[in-house]
Structure formats: structure tokens, C-alpha cells
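Reviewing the structure listed below.
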Amino acid sequence: MTQTEELELYDPLASKSTLSLYLVKEQEKWIPIESKELVIGKQLTRLLQLSHDSRPLLKRKVKVGERLTYHVKKEGSPWKAYLVTPSDWVVVRVFRYEADLSEVEGDMPEFRDVQIAYCERQPLMPEEAEAMTYEIVSKISVDSCGGDREAYQKFLTSEQSKPYVRV
Amino acid sequence: MIGWPFSKNGDDDSEQENRHWASSEEDCKEMEKKYGWELKRVEQNEDDSDLSVDCVFKGKQTSFWDMWGDHQDDPD
């Protein structure tokens with residue numbers, strides 16, 4: 001077996017996730033953000049959203065046409081219910097960058113690759129946005145407490161856990 | 001009119017989202033890795049006393065009927 005074949009078979013980053021950065025596309029106005037964290041403070045940014053993706057590799061590619069969403073808390077529900085609401089931002093171009101392992105010594109990088117999804121504003125009519133909106137509820141399981149069964153059971157007996165649906 | 005998620009095609013979870021409470025953002029990342037999910041966002045629960053978080057994942061959420069079943073056994 002040649003060295004090239006070995007390299008093709010062995011993927012040292014097989015267990016690593018993909019970082020997806022959703023950026024405002026070039027020539028589009030950046031958006032203001034504000035944080036009490038001094039290093040962020042009040043500034044204009046291109047970063048709309050980022051995600052850590054551990055799905056099967058073929059599913060990780062961000063699709064052109066994907067519309068970013070946001071969550072709005074639904075008042076008056078006994079559960080922690082949220083409306084998943086479409087935003088104005090739609091993915092129009094995607095580029096992927098792979099980790100360069102040639103100079104890595106020791107720890108492997110956190111991500112196997114990074115993809116940048118460029119987004120532009122494509123506002124919806126109110127009735128279109130309403131038709132795409134749906135409700136979800138916040139859930140809780142033992143994994144919510146990092147697998148700590150004792151902490152999970154303790155949380156379940158607390159008042160704080162009541163609006164959460166157990167899975 | 002609100003489109004209910006459980007009326008969608010059950011095999012296609014690409015457009016759905018799934019929201020879980022967690023004690024920290026690290027637990028969100030652990031869930032992402034353990035279940036092979038996409039972690040889209042971590043929101044801080046400022047209304048809770050211990051500043052816990054909610055993790056927003058891409059994927060199919062538990063249906064209303066699962067919730068109903070889960071709570072039938074709960075002691076009142």
C-alpha cells in the first residue's frame with residue numbers, strides 16, 4: 001500500500017465537527033451587535049450565526065436557499081414553548097475550508113473543516129412568515145446535565161424544571 | 001395559522017429544530033457530539049436562577065403526542 005492510499009483511508013478528523021459561519025455577504029450592510037463583554041462591546045459584525053455540526057458528513061453542507069430562523073418565546077404556555085420564526089436572511093453562497101494538518105503537532109484541531117455560508121436579506125411577506133412559523137417546546141434529559149444522573153434527578157424535583165418536557 | 005411540526009413529513013427533519021435545556025454550553029456541545037446533531041445556537045436562560053442555557057439543534061423534535069404520553073405517568 002502506498003502512502004497516498006493510507007492517507008486516503010485514515011481520517012484523523014473523523015470524529016471532529018464542522019464549524020459553519022453564516023456571514024453577511026460582501027457589499028451588504030453589516031449588522032450592529034452589543035454585548036456587556038468588553039471585547040465585543042458595541043460594533044458592526046458580519047457574523048449572523050455559527051453552528052457546530054456533528055451530523056453525518058454528507059448532511060453537513062449548508063444548502064443554498066436555507067433561511068436562518070430565530071426563536072420567540074410563547075407567552076401563556078405551561079411549557080417553555082417557542083415559535084421558530086423565519087428571518088430575512090437566506091444563504092446564497094457556500095465555501096468550505098479544510099483543516100491543514102501538515103503543521104499540527106499534538107492535539108488535533110477542534111473542527112475538521114469550516115464552511116462559510118454567505119447570506120443576503122430576502123424579506124418575507126407577513127403571511128409567508130406566518131405560514132413558515134411553527135412551535136417547539138424546550139426539553140430536558142439526563143444529557144442536559146452532562147450525563148450526571150444525580151444532578152438530573154435533583155433538577156427534576158426543582159421548580160425550575162416544571163416548564164420543561166422530559167424526553 | 002401556525003404550521004405544526006408533527007404534520008410535516010416524518011422522514012425529512014432538515015427544516016426542523018429541536019430545543020433542549022442544558023446546564024452549560026459545554027453540555028450542548030456534548031449532546032451535539034453524542035447524537036450527531038447540528039448545534040445552531042445556545043441561548044442563555046436569564047429567567048432562571050442559575051443562568052442555565054437552552055441549546056437549539058437542527059433536527060426532528062419530540063412530537064406533541066410524545067409529550068402527552070410522557071406526562072400521563074407523572075404523579076400530580
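Chain identifiers are assigned as A, B, and so on, following the order in which chains appear in the C-alpha cells; residues are numbered from 1 within each chain, and ligands are numbered from 1 in order of appearance.
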Which parts of range 6-165 of chain A does DSSP call alpha helix (DSSP H) when run on the backbone here, written out as JSON, numbers by chain? {"A": [6, 7, 8, 9, 126, 127, 128, 129, 130, 131, 132, 149, 150, 151, 152, 153, 154, 155, 156]}
Between chain B and chain A, at 6 Å or less, what are the per-residue closest atom pairs and their distances in Å? Count only C-alpha atoms, order by chain and rising residue number, and return it as JSON lines.
{"residue": "B:Ile2", "atom": "CA", "partner": "A:Tyr134", "partner_atom": "CA", "distance": 5.6}
{"residue": "B:Gly3", "atom": "CA", "partner": "A:Tyr134", "partner_atom": "CA", "distance": 5.0}
{"residue": "B:Trp4", "atom": "CA", "partner": "A:Tyr134", "partner_atom": "CA", "distance": 5.5}
{"residue": "B:Arg19", "atom": "CA", "partner": "A:Ser138", "partner_atom": "CA", "distance": 4.8}
{"residue": "B:His20", "atom": "CA", "partner": "A:Lys139", "partner_atom": "CA", "distance": 4.5}
{"residue": "B:Trp21", "atom": "CA", "partner": "A:Ile140", "partner_atom": "CA", "distance": 5.3}
{"residue": "B:Ala22", "atom": "CA", "partner": "A:Ser144", "partner_atom": "CA", "distance": 4.1}
{"residue": "B:Ser23", "atom": "CA", "partner": "A:Cys145", "partner_atom": "CA", "distance": 5.6}
{"residue": "B:Asp27", "atom": "CA", "partner": "A:Gly146", "partner_atom": "CA", "distance": 5.2}
{"residue": "B:Lys33", "atom": "CA", "partner": "A:Ser54", "partner_atom": "CA", "distance": 5.7}
{"residue": "B:Gly36", "atom": "CA", "partner": "A:Arg55", "partner_atom": "CA", "distance": 4.4}
{"residue": "B:Trp37", "atom": "CA", "partner": "A:Arg55", "partner_atom": "CA", "distance": 5.0}
{"residue": "B:Glu38", "atom": "CA", "partner": "A:Asp53", "partner_atom": "CA", "distance": 4.0}
{"residue": "B:Leu39", "atom": "CA", "partner": "A:His52", "partner_atom": "CA", "distance": 5.0}
{"residue": "B:Lys40", "atom": "CA", "partner": "A:Ser51", "partner_atom": "CA", "distance": 4.4}
One decimal, Å: what's the distance from CA of Glu46 in chain B over to CA of Asp148 in chain A, could you say?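 So the two atoms, CA of Glu46 in chain B and CA of Asp148 in chain A, lie 22.7 Å apart.
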Residue nearest Gln16 in chain B among A:Gln115, A:Gln43, A:Gln153, A:Thr85 (counting only C-alpha atoms):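 Among the listed residues, A:Thr85 lies closest to Gln16 in chain B.
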Expressed in Å, the length from CA of Lys58 in chain B to CA of Val24 in chain A is 20.9 Å
All residues 12 Å or closer to Arg46 in chain A, only C-alpha atoms, same chain fewer than 2 positions away omitted, as a list in words: Leu21, Tyr22, Leu23, Val24, Lys25, Glu26, Gln27, Glu28, Lys29, Trp30, Ile31, Pro32, Ile33, Gln43, Leu44, Leu48, Gln49, Leu50, Ile116, Ala117, Tyr118, Cys119 and Glu120 of chain A
Distance in Å - CA of Gly76 in chain A versus CA of Lys60 in chain B: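 Separation between CA of Gly76 in chain A and CA of Lys60 in chain B: 24.2 Å.
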Can you pull out every residue from range 30-161 of chain A that DSSP, working from the backbone, puts in strand (DSSP E or B), and format the result as a PyMOL selection string? chain A and resi 31-34+42-45+47-53+67-73+81-98+111-121+134-140
